[in-house]
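> As input, take coords-v3.csv (CSV, C-alpha atoms and all ligand atoms):
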chain,number,residue,atom,x,y,z
S,1,MET,CA,-4.2,48.3,-36.7
S,2,TYR,CA,-1.0,48.0,-38.7
S,3,GLY,CA,2.2,50.0,-38.3
S,4,ALA,CA,6.0,49.8,-38.6
S,5,VAL,CA,8.1,48.0,-36.0
S,6,ILE,CA,11.9,48.0,-36.0
S,7,HIS,CA,13.2,44.6,-34.9
S,8,ALA,CA,17.0,45.0,-35.6
S,9,PRO,CA,19.3,47.0,-37.9
S,10,GLY,CA,18.0,46.7,-41.5
S,11,ASP,CA,14.8,45.0,-40.3
S,12,VAL,CA,11.7,47.2,-40.2
S,13,ARG,CA,8.4,45.3,-40.5
S,14,TYR,CA,4.8,46.1,-41.3
S,15,GLU,CA,2.9,44.3,-38.6
S,16,GLU,CA,-0.2,44.3,-36.4
S,17,ARG,CA,0.0,46.5,-33.3
S,18,PRO,CA,-2.4,47.4,-30.5
S,19,GLU,CA,-5.1,49.9,-31.4
S,20,PRO,CA,-4.2,53.3,-29.7
S,21,THR,CA,-6.7,54.6,-27.2
S,22,ILE,CA,-7.1,57.7,-25.1
S,23,ILE,CA,-5.2,57.0,-21.9
S,24,GLU,CA,-4.7,60.5,-20.4
S,25,PRO,CA,-7.5,63.2,-20.6
S,26,THR,CA,-4.9,65.4,-22.5
S,27,ASP,CA,-4.5,62.7,-25.3
S,28,ALA,CA,-5.9,62.6,-28.9
S,29,VAL,CA,-6.1,59.7,-31.2
S,30,ILE,CA,-5.5,60.5,-34.8
S,31,ARG,CA,-5.9,58.6,-38.1
S,32,VAL,CA,-2.6,59.1,-39.9
S,33,VAL,CA,-3.0,60.5,-43.4
S,34,ALA,CA,0.7,60.6,-44.1
S,35,ALA,CA,3.9,59.7,-42.2
S,36,CYS,CA,7.5,59.5,-43.2
S,37,VAL,CA,11.0,58.1,-42.5
S,38,CYS,CA,13.4,60.4,-40.8
S,39,GLY,CA,17.2,60.5,-41.2
S,40,SER,CA,17.4,60.0,-37.4
S,41,ASP,CA,15.4,56.7,-37.8
S,42,LEU,CA,18.3,55.5,-40.0
S,43,TRP,CA,20.7,55.7,-37.0
S,44,ARG,CA,19.0,52.5,-35.7
S,45,TYR,CA,18.4,51.1,-39.1
S,46,ARG,CA,22.1,51.3,-39.8
S,47,GLY,CA,23.0,49.8,-36.4
S,48,ILE,CA,24.7,53.0,-35.2
S,49,ALA,CA,22.2,53.3,-32.4
S,50,PRO,CA,21.0,50.2,-30.6
S,51,VAL,CA,17.7,48.4,-31.1
S,52,PRO,CA,17.3,46.6,-27.7
S,53,LYS,CA,13.9,45.2,-28.5
S,54,PRO,CA,11.2,45.4,-31.3
S,55,THR,CA,10.0,49.0,-31.2
S,56,PRO,CA,7.3,50.9,-33.0
S,57,ILE,CA,9.0,53.6,-35.0
S,58,GLY,CA,8.4,56.9,-36.7
S,59,HIS,CA,7.8,60.4,-35.3
S,60,GLU,CA,6.5,62.5,-38.2
S,61,TYR,CA,2.9,62.5,-39.2
S,62,CYS,CA,-0.2,64.5,-40.1
S,63,GLY,CA,-3.8,63.2,-40.0
S,64,VAL,CA,-7.3,63.6,-38.8
S,65,VAL,CA,-8.4,63.6,-35.2
S,66,GLU,CA,-10.6,60.6,-34.3
S,67,ALA,CA,-11.0,61.0,-30.6
S,68,VAL,CA,-9.9,63.4,-27.8
S,69,GLY,CA,-9.7,63.1,-24.0
S,70,ASP,CA,-11.9,65.2,-21.7
S,71,ALA,CA,-9.3,67.9,-21.1
S,72,VAL,CA,-8.6,68.6,-24.8
S,73,THR,CA,-10.1,71.9,-26.0
S,74,THR,CA,-8.2,73.1,-29.1
S,75,VAL,CA,-8.7,70.2,-31.5
S,76,LYS,CA,-11.8,68.1,-32.1
S,77,PRO,CA,-12.7,64.9,-34.0
S,78,GLY,CA,-12.6,65.6,-37.7
S,79,ASP,CA,-9.9,68.3,-37.5
S,80,PHE,CA,-6.9,67.9,-39.8
S,81,VAL,CA,-3.8,68.3,-37.6
S,82,VAL,CA,0.0,68.3,-37.7
S,83,GLY,CA,2.2,68.1,-34.6
S,84,GLY,CA,5.9,68.3,-34.0
S,85,PHE,CA,7.9,65.2,-33.1
S,86,ASN,CA,8.4,66.5,-29.6
S,87,PRO,CA,5.1,66.8,-27.8
S,88,CYS,CA,4.7,69.7,-25.4
S,89,ASP,CA,2.1,71.3,-23.3
S,90,ASN,CA,2.8,74.8,-24.8
S,91,THR,CA,1.9,76.4,-21.4
S,92,CYS,CA,4.8,75.7,-19.0
S,93,ALA,CA,7.5,78.2,-18.2
S,94,ALA,CA,9.9,76.7,-20.8
S,95,CYS,CA,7.2,76.7,-23.5
S,96,ARG,CA,6.3,80.3,-22.7
S,97,LYS,CA,9.9,81.2,-23.5
S,98,GLY,CA,9.5,79.4,-26.9
S,99,ALA,CA,11.7,76.5,-25.8
S,100,THR,CA,8.9,74.0,-26.6
S,101,ALA,CA,11.5,71.3,-27.3
S,102,ASN,CA,12.4,71.4,-23.7
S,103,CYS,CA,8.9,71.5,-22.3
S,104,LEU,CA,8.9,70.9,-18.5
S,105,ASN,CA,6.1,68.4,-19.0
S,106,ALA,CA,7.4,66.9,-22.3
S,107,ALA,CA,6.0,63.6,-23.3
S,108,HIS,CA,7.6,61.2,-25.8
S,109,TYR,CA,6.1,59.2,-28.5
S,110,GLU,CA,7.1,57.0,-31.3
S,111,GLY,CA,5.4,54.7,-33.7
S,112,CYS,CA,3.9,57.3,-36.0
S,113,GLN,CA,4.5,55.1,-39.1
S,114,ALA,CA,1.1,53.5,-38.4
S,115,GLU,CA,-2.6,53.7,-39.3
S,116,ARG,CA,-3.4,55.4,-36.0
S,117,LEU,CA,-1.6,57.2,-33.3
S,118,ARG,CA,-2.0,58.4,-29.7
S,119,VAL,CA,-0.8,62.0,-29.4
S,120,PRO,CA,-0.1,63.0,-25.8
S,121,LEU,CA,-0.5,66.7,-24.7
S,122,ALA,CA,-2.8,67.2,-27.7
S,123,ASP,CA,-3.6,70.8,-27.0
S,124,GLY,CA,0.0,71.8,-26.8
S,125,THR,CA,1.3,69.6,-29.5
S,126,LEU,CA,-1.2,69.7,-32.3
S,127,ILE,CA,-2.3,72.5,-34.6
S,128,ALA,CA,-5.3,72.2,-36.8
S,129,THR,CA,-5.7,73.6,-40.3
S,130,PRO,CA,-8.7,75.9,-40.8
S,131,GLU,CA,-10.2,73.4,-43.3
S,132,MET,CA,-9.3,70.0,-44.9
S,133,PRO,CA,-6.2,70.8,-46.9
S,134,ALA,CA,-5.9,70.1,-50.6
S,135,ASP,CA,-4.2,66.7,-51.2
S,136,ASP,CA,-1.1,68.3,-52.9
S,137,LEU,CA,-0.4,70.2,-49.7
S,138,ILE,CA,-0.2,67.1,-47.6
S,139,PRO,CA,3.6,66.5,-48.2
S,140,SER,CA,4.4,70.1,-47.2
S,141,ILE,CA,2.2,69.9,-44.1
S,142,LEU,CA,3.9,66.6,-43.2
S,143,ALA,CA,7.3,68.2,-43.5
S,144,LEU,CA,6.4,70.6,-40.7
S,145,SER,CA,6.3,67.6,-38.3
S,146,ASP,CA,10.1,67.6,-38.2
S,147,VAL,CA,12.3,68.5,-41.1
S,148,MET,CA,11.1,71.9,-41.9
S,149,CYS,CA,10.9,72.9,-38.3
S,150,THR,CA,14.4,71.5,-37.8
S,151,GLY,CA,15.8,73.3,-40.7
S,152,TRP,CA,14.2,76.5,-39.5
S,153,HIS,CA,15.6,75.8,-36.0
S,154,ALA,CA,19.1,75.5,-37.5
S,155,ALA,CA,18.7,78.9,-39.2
S,156,VAL,CA,17.2,80.6,-36.2
S,157,SER,CA,19.9,79.2,-33.9
S,158,ALA,CA,22.6,80.5,-36.1
S,159,GLY,CA,21.1,84.0,-36.3
S,160,VAL,CA,20.3,83.9,-40.0
S,161,GLY,CA,18.7,87.1,-41.3
S,162,PRO,CA,19.0,89.9,-43.9
S,163,GLY,CA,22.6,90.6,-44.8
S,164,LYS,CA,24.0,87.3,-43.6
S,165,SER,CA,25.8,84.7,-45.7
S,166,VAL,CA,24.8,81.2,-45.0
S,167,ALA,CA,26.3,77.8,-45.8
S,168,VAL,CA,24.4,74.6,-45.2
S,169,VAL,CA,26.3,71.3,-44.4
S,170,GLY,CA,24.2,68.3,-45.2
S,171,ASP,CA,21.9,67.7,-48.2
S,172,GLY,CA,19.4,65.5,-46.6
S,173,ALA,CA,15.8,66.7,-46.1
S,174,VAL,CA,16.7,68.8,-43.1
S,175,GLY,CA,19.7,70.4,-44.9
S,176,LEU,CA,17.5,71.2,-47.8
S,177,CYS,CA,14.8,72.7,-45.5
S,178,ALA,CA,17.5,74.7,-43.8
S,179,VAL,CA,18.3,76.2,-47.2
S,180,LEU,CA,14.6,77.1,-47.6
S,181,ALA,CA,14.5,78.5,-44.1
S,182,ALA,CA,17.6,80.7,-44.7
S,183,VAL,CA,16.1,82.1,-47.9
S,184,GLN,CA,12.8,82.8,-46.1
S,185,LEU,CA,14.6,84.5,-43.3
S,186,GLY,CA,16.1,86.9,-45.7
S,187,ALA,CA,19.7,85.7,-46.2
S,188,PRO,CA,21.1,87.1,-49.5
S,189,VAL,CA,23.7,84.4,-49.9
S,190,VAL,CA,22.7,80.8,-49.3
S,191,ILE,CA,25.3,78.1,-50.2
S,192,ALA,CA,24.1,74.5,-50.3
S,193,MET,CA,26.8,71.8,-50.0
S,194,SER,CA,25.8,68.9,-52.1
S,195,ARG,CA,27.3,66.5,-54.6
S,196,HIS,CA,24.0,64.9,-55.7
S,197,GLU,CA,22.2,66.3,-58.7
S,198,ALA,CA,18.7,65.6,-57.4
S,199,ARG,CA,19.4,67.3,-54.1
S,200,GLN,CA,21.1,70.2,-55.8
S,201,LYS,CA,17.9,70.7,-57.8
S,202,VAL,CA,15.8,70.8,-54.7
S,203,ALA,CA,18.3,73.3,-53.0
S,204,THR,CA,18.1,75.5,-56.1
S,205,ALA,CA,14.2,75.3,-56.1
S,206,PHE,CA,14.3,76.4,-52.5
S,207,GLY,CA,16.3,79.5,-53.4
S,208,ALA,CA,20.0,78.5,-52.8
S,209,THR,CA,22.2,81.1,-54.5
S,210,HIS,CA,25.2,78.8,-54.8
S,211,ILE,CA,26.0,75.1,-54.8
S,212,VAL,CA,29.3,73.8,-53.6
S,213,ALA,CA,29.9,70.2,-54.6
S,214,GLU,CA,33.4,69.9,-53.0
S,215,ARG,CA,34.0,68.6,-49.5
S,216,ASP,CA,36.6,68.9,-46.8
S,217,GLU,CA,39.4,71.5,-47.5
S,218,ALA,CA,38.2,72.1,-51.1
S,219,GLY,CA,34.7,72.7,-49.8
S,220,ILE,CA,35.9,75.2,-47.2
S,221,GLU,CA,38.0,77.0,-49.8
S,222,ALA,CA,34.9,77.1,-52.2
S,223,ILE,CA,32.8,78.7,-49.4
S,224,LYS,CA,35.5,81.2,-48.6
S,225,ALA,CA,35.7,82.2,-52.2
S,226,LEU,CA,32.0,83.1,-52.1
S,227,THR,CA,32.3,85.0,-48.8
S,228,ASP,CA,35.1,87.6,-49.2
S,229,GLY,CA,37.7,84.9,-48.2
S,230,MET,CA,36.2,84.8,-44.7
S,231,GLY,CA,33.8,81.9,-44.5
S,232,ALA,CA,30.0,82.2,-44.0
S,233,ASP,CA,28.5,84.3,-41.3
S,234,CYS,CA,26.2,81.4,-40.4
S,235,VAL,CA,26.7,77.7,-41.0
S,236,LEU,CA,23.9,75.2,-40.5
S,237,GLU,CA,25.1,71.8,-39.6
S,238,CYS,CA,22.3,69.3,-40.5
S,239,VAL,CA,24.1,65.9,-40.3
S,240,GLY,CA,25.4,65.2,-36.9
S,241,THR,CA,28.7,63.5,-37.6
S,242,GLU,CA,32.1,64.6,-36.4
S,243,ASP,CA,33.1,65.2,-40.0
S,244,ALA,CA,30.1,67.5,-40.6
S,245,ARG,CA,31.0,69.6,-37.5
S,246,LEU,CA,34.6,69.9,-38.7
S,247,GLN,CA,33.2,71.0,-42.1
S,248,ALA,CA,31.0,73.5,-40.4
S,249,SER,CA,33.8,74.9,-38.2
S,250,GLY,CA,36.0,75.2,-41.2
S,251,ALA,CA,33.3,76.9,-43.3
S,252,VAL,CA,32.2,79.5,-40.7
S,253,ARG,CA,34.0,82.9,-40.5
S,254,VAL,CA,35.8,84.0,-37.4
S,255,GLY,CA,33.2,85.3,-35.0
S,256,GLY,CA,30.4,83.5,-37.0
S,257,ASN,CA,27.7,81.2,-35.7
S,258,ILE,CA,26.9,77.5,-36.2
S,259,GLY,CA,23.4,76.2,-36.0
S,260,LEU,CA,23.6,72.6,-34.9
S,261,VAL,CA,20.6,70.3,-35.6
S,262,GLY,CA,22.2,67.0,-36.7
S,263,VAL,CA,21.7,64.6,-33.8
S,264,PRO,CA,25.4,64.6,-32.5
S,265,HIS,CA,27.4,61.4,-32.7
S,266,GLY,CA,31.1,61.7,-31.9
S,267,ASP,CA,33.1,64.7,-30.6
S,268,LEU,CA,32.6,68.4,-30.9
S,269,PRO,CA,35.7,70.3,-32.0
S,270,VAL,CA,35.6,72.7,-29.1
S,271,GLU,CA,39.2,74.0,-29.6
S,272,GLN,CA,38.4,75.1,-33.1
S,273,PHE,CA,35.3,76.9,-31.9
S,274,PHE,CA,37.2,78.6,-29.2
S,275,TRP,CA,40.1,80.0,-31.2
S,276,LYS,CA,37.8,81.2,-34.0
S,277,ASN,CA,35.3,82.8,-31.6
S,278,ILE,CA,32.6,80.7,-33.1
S,279,GLY,CA,29.1,80.7,-31.5
S,280,ILE,CA,27.3,77.4,-31.4
S,281,LYS,CA,23.7,76.8,-30.7
S,282,GLY,CA,21.2,74.2,-31.5
S,283,GLY,CA,19.4,71.1,-30.5
S,284,PRO,CA,16.0,69.6,-31.1
S,285,ALA,CA,13.7,72.0,-32.9
S,286,ASN,CA,11.1,74.1,-31.0
S,287,CYS,CA,8.4,72.8,-33.4
S,288,ARG,CA,5.4,74.1,-31.6
S,289,ALA,CA,6.8,77.6,-31.4
S,290,TYR,CA,7.5,77.6,-35.2
S,291,LEU,CA,4.4,75.6,-36.4
S,292,PRO,CA,1.8,78.5,-36.6
S,293,HIS,CA,4.0,80.6,-38.8
S,294,LEU,CA,5.3,77.7,-41.0
S,295,LEU,CA,1.8,76.3,-41.4
S,296,GLU,CA,0.6,79.7,-42.6
S,297,LEU,CA,3.5,79.8,-45.1
S,298,VAL,CA,2.6,76.3,-46.4
S,299,LEU,CA,-1.2,76.9,-46.6
S,300,SER,CA,-0.6,80.2,-48.5
S,301,ARG,CA,1.7,78.2,-50.8
S,302,THR,CA,4.6,80.6,-50.0
S,303,ILE,CA,6.9,77.6,-49.2
S,304,ASN,CA,6.7,74.0,-50.4
S,305,PRO,CA,9.0,71.9,-48.2
S,306,GLY,CA,7.1,68.8,-49.4
S,307,ILE,CA,9.3,68.5,-52.5
S,308,VAL,CA,11.9,66.8,-50.3
S,309,PHE,CA,9.7,63.7,-50.6
S,310,ASP,CA,10.8,62.0,-53.7
S,311,LEU,CA,9.4,58.6,-52.9
S,312,GLU,CA,5.8,57.8,-51.9
S,313,LEU,CA,4.8,54.3,-50.9
S,314,PRO,CA,1.9,52.6,-49.2
S,315,LEU,CA,2.6,52.0,-45.5
S,316,SER,CA,2.7,48.3,-46.1
S,317,GLU,CA,5.9,48.9,-48.1
S,318,ILE,CA,7.7,50.6,-45.1
S,319,ALA,CA,10.7,48.3,-45.4
S,320,GLU,CA,11.3,49.6,-48.9
S,321,ALA,CA,10.8,53.2,-47.7
S,322,TYR,CA,13.7,52.6,-45.3
S,323,ALA,CA,15.9,50.8,-47.8
S,324,ALA,CA,15.5,53.5,-50.4
S,325,MET,CA,16.7,56.2,-47.9
S,326,ASP,CA,19.4,54.1,-46.5
S,327,GLU,CA,20.8,53.4,-50.0
S,328,ARG,CA,20.3,57.1,-50.9
S,329,ARG,CA,18.0,56.2,-53.7
S,330,ALA,CA,15.5,58.6,-52.1
S,331,ILE,CA,16.0,61.9,-50.3
S,332,LYS,CA,13.0,61.2,-48.1
S,333,SER,CA,10.2,58.6,-48.1
S,334,LEU,CA,6.5,59.4,-47.5
S,335,VAL,CA,4.2,56.6,-46.6
S,336,ARG,CA,0.4,56.6,-46.6
S,337,PRO,CA,-1.7,54.0,-44.7
S,338,ASN,CA,-3.2,51.5,-47.1
S,339,ALA,CA,-6.7,52.4,-48.2
W,401,ZN,ZN,5.8,73.1,-21.8
As a first step, turn the structure in this file into structure tokens.


Amino acid sequence: MYGAVIHAPGDVRYEERPEPTIIEPTDAVIRVVAACVCGSDLWRYRGIAPVPKPTPIGHEYCGVVEAVGDAVTTVKPGDFVVGGFNPCDNTCAACRKGATANCLNAAHYEGCQAERLRVPLADGTLIATPEMPADDLIPSILALSDVMCTGWHAAVSAGVGPGKSVAVVGDGAVGLCAVLAAVQLGAPVVIAMSRHEARQKVATAFGATHIVAERDEAGIEAIKALTDGMGADCVLECVGTEDARLQASGAVRVGGNIGLVGVPHGDLPVEQFFWKNIGIKGGPANCRAYLPHLLELVLSRTINPGIVFDLELPLSEIAEAYAAMDERRAIKSLVRPNA
């Protein structure tokens, strides 16, 4: 079968890879219907994170189960499934507390930008749709594999809810999904920080009440002007850079909360957090804990996170899928295995 392999920064290739098979009795093998490129894949593509050797890449997918191991009971061949990027058993002590991202038996996988995929801990990780979903729902279901769960996690981590003002730092797919999450969780004021018209439009479609195009001090002042001069109750940091965390700590009110979901690179401004009494919480999303609710919202067409995909290509054009995101010609690239 064919899939994407990253060889070096800027060098992702479509090449033949070994056919995945059932190794553990808890595994499933799925035929990938759609996969996508993540902002976090770009850390390696841009040479910020190392690529020590050619590595299959991609961790977001949805598809149809082809085979399951003997111990798998909740999904069966023919089921349409989606799973989070962080496989979990959904039964251990951590998972029972909802901390599925930190499952005590966590497995790791990569290489989902491929025709087929072995999913470990299939019972815990995968969730099946009641029936084969309509084709136009595929992008929104795929978004649940990472970006929508991650945006949701930012909002939950920051305590977003009715009566709260929210500012979102980052206008990538996760930031936009964080806007959608904040709106769904009942926040009456949701401010998206974005300078890009296409991304502003998605934020508005997701229910953002305000757009702030300014950055740095001007951005902080614009957010304060919308929040009684205080700053937002909740700031969702969806980038991961030091600059983004400084932007977040400037935009949050005293005693407010920051939800942190951008994979951190660089320092954390702990002193600023301390003197402003800022709460900070976040990390990788508890996908499995959020999936049942979010899948229901997608299947009932209450939310449509799939509009973050503004480029769709055949899997064989994976190199262009990366280049378009790297050059910010696309918000997020969806790939479908070649027919
Ligand atoms: Zn677990």

> At a cut-off of 6 Å from (19.2, 70.2, -33.0) in the coordinates of the file, what residues are picked up using only C-alpha atoms, written as a list in words?

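Protein, DNA and RNA residues close to (19.2, 70.2, -33.0): Leu260, Val261, Gly262, Gly282, Gly283, Pro284 and Ala285 of chain S.
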
> Would you kindly return, as an MDAnalysis selection string, each protein, DNA or RNA residue with an atom no farther than 7 Å from any atom of segment 99-113 of chain S, considering only C-alpha atoms and excluding same-chain residues fewer than 2 positions away?

chainID S and resid 3:4 35:36 56:61 86:90 92 94:95 97 117 120 284:289

> Take the residues that were just selected and, keeping C-alpha atoms, output them as an mmCIF file, in the coordinates of the input.


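Below you can see out-v3.cif, which holds the result:
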data_model
loop_
_atom_site.group_PDB
_atom_site.id
_atom_site.type_symbol
_atom_site.label_atom_id
_atom_site.label_comp_id
_atom_site.auth_asym_id
_atom_site.auth_seq_id
_atom_site.Cartn_x
_atom_site.Cartn_y
_atom_site.Cartn_z
ATOM 1 C CA GLY S 3 2.200 50.000 -38.300
ATOM 2 C CA ALA S 4 6.000 49.800 -38.600
ATOM 3 C CA ALA S 35 3.900 59.700 -42.200
ATOM 4 C CA CYS S 36 7.500 59.500 -43.200
ATOM 5 C CA PRO S 56 7.300 50.900 -33.000
ATOM 6 C CA ILE S 57 9.000 53.600 -35.000
ATOM 7 C CA GLY S 58 8.400 56.900 -36.700
ATOM 8 C CA HIS S 59 7.800 60.400 -35.300
ATOM 9 C CA GLU S 60 6.500 62.500 -38.200
ATOM 10 C CA TYR S 61 2.900 62.500 -39.200
ATOM 11 C CA ASN S 86 8.400 66.500 -29.600
ATOM 12 C CA PRO S 87 5.100 66.800 -27.800
ATOM 13 C CA CYS S 88 4.700 69.700 -25.400
ATOM 14 C CA ASP S 89 2.100 71.300 -23.300
ATOM 15 C CA ASN S 90 2.800 74.800 -24.800
ATOM 16 C CA CYS S 92 4.800 75.700 -19.000
ATOM 17 C CA ALA S 94 9.900 76.700 -20.800
ATOM 18 C CA CYS S 95 7.200 76.700 -23.500
ATOM 19 C CA LYS S 97 9.900 81.200 -23.500
ATOM 20 C CA LEU S 117 -1.600 57.200 -33.300
ATOM 21 C CA PRO S 120 -0.100 63.000 -25.800
ATOM 22 C CA PRO S 284 16.000 69.600 -31.100
ATOM 23 C CA ALA S 285 13.700 72.000 -32.900
ATOM 24 C CA ASN S 286 11.100 74.100 -31.000
ATOM 25 C CA CYS S 287 8.400 72.800 -33.400
ATOM 26 C CA ARG S 288 5.400 74.100 -31.600
ATOM 27 C CA ALA S 289 6.800 77.600 -31.400
#

> May I have the residues within 8 Å of Cys177 of chain S as an mmCIF file with C-alpha atoms, keeping the file's coordinate frame, using all atoms listed in the file and disregarding those fewer than 5 positions away in the same chain?


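part.cif was written with the following content:
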data_model
loop_
_atom_site.group_PDB
_atom_site.id
_atom_site.type_symbol
_atom_site.label_atom_id
_atom_site.label_comp_id
_atom_site.auth_asym_id
_atom_site.auth_seq_id
_atom_site.Cartn_x
_atom_site.Cartn_y
_atom_site.Cartn_z
ATOM 1 C CA VAL S 147 12.300 68.500 -41.100
ATOM 2 C CA MET S 148 11.100 71.900 -41.900
ATOM 3 C CA THR S 150 14.400 71.500 -37.800
ATOM 4 C CA GLY S 151 15.800 73.300 -40.700
ATOM 5 C CA TRP S 152 14.200 76.500 -39.500
ATOM 6 C CA PHE S 206 14.300 76.400 -52.500
ATOM 7 C CA PRO S 305 9.000 71.900 -48.200
#

> Pick out the closest residue to Ile258 of chain S from this set: S:Gly159, S:Gly207, S:Gly124, S:Gly172. Count all atoms listed in the file.

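Of S:Gly159, S:Gly207, S:Gly124, S:Gly172, the one nearest Ile258 of chain S, counting all atoms listed in the file, is S:Gly159.
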
> Return the single residue from S:Asn277, S:Thr91, S:Gln272, S:Thr73 that is closest to ligand ZN 401 (chain W), with distances computed using all atoms listed in the file.

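Nearest to ligand ZN 401 (chain W): S:Thr91.
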
> For the point (1.2, 48.6, -33.8) in file coordinates, what residues are within 6 Å, counting all atoms listed in the file? Give the answer as JSON, numbers by chain?

{"S": [2, 3, 16, 17, 18]}

> Which residues are near Val33 of chain S? Cut-off 8 Å, all atoms listed in the file, ignore same chain within fewer than 3 positions. Put them as a PyMOL selection string.

chain S and resi 61-64+115+336-337

> Out of S:Ser157, S:Val189, S:His293, S:Gly175, which residue has the shortest atom-to-atom distance to Ile280 of chain S when counting only C-alpha atoms?

S:Ser157

> For Val75 of chain S, work out the shell of residues within 12 Å, counting all atoms listed in the file and skipping chain neighbours fewer than 2 positions away, then give it as an MDAnalysis selection string.

chainID S and resid 26:30 64:73 77:83 119 121:130

> Atom CA of Phe274 of chain S and atom CA of Leu236 of chain S are how many Å apart?

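Pair atom CA of Phe274 of chain S / atom CA of Leu236 of chain S returns 17.8 Å.
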
> Check the smallest atom-to-atom distance from each of S:Ala93, S:Val32, S:Glu237, S:Ala8 to ligand ZN 401 (chain W) using all atoms listed in the file, then report the winner.

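So, comparing all the options, the nearest one is S:Ala93.
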
> As an exercise, work out the distance from atom CA of Ile331 of chain S to atom CA of Cys38 of chain S in Å and give it to one decimal place.

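One can read the atom CA of Ile331 of chain S to atom CA of Cys38 of chain S distance as 10.0 Å.
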
> Might you pull out every residue within 8 Å of Lys276 of chain S, with only C-alpha atoms counted and same-chain residues fewer than 5 positions away left off, and present them as a PyMOL selection string?

chain S and resi 253-255

> Using only C-alpha atoms, can you tell me which of S:Val51, S:Ala192, S:Leu313, S:Val263 comes closest to Ala222 of chain S?

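Of all the options, S:Ala192 lies closest to Ala222 of chain S.
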
> Grab the atom CA of Ala208 of chain S to atom CA of Ala182 of chain S distance for me, in Å with one decimal place.

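Between atom CA of Ala208 of chain S and atom CA of Ala182 of chain S the gap is 8.7 Å.
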
> When distances are computed from all atoms listed in the file, which of S:Phe85, S:Pro139, S:Gly98, S:Gly266 shows the smallest separation from ligand ZN 401 (chain W)?

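Ranked by minimum distance to ligand ZN 401 (chain W), first place goes to S:Gly98.
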
> Show me, as JSON, the centre and edge lengths in Å to one decimal of the axis-aligned box that covers every listed atom of segment 97-110 of chain S with 8 Å on each side.


{"center_x": 9.2, "center_y": 69.1, "center_z": -24.9, "size_x": 22.4, "size_y": 40.2, "size_z": 28.8}
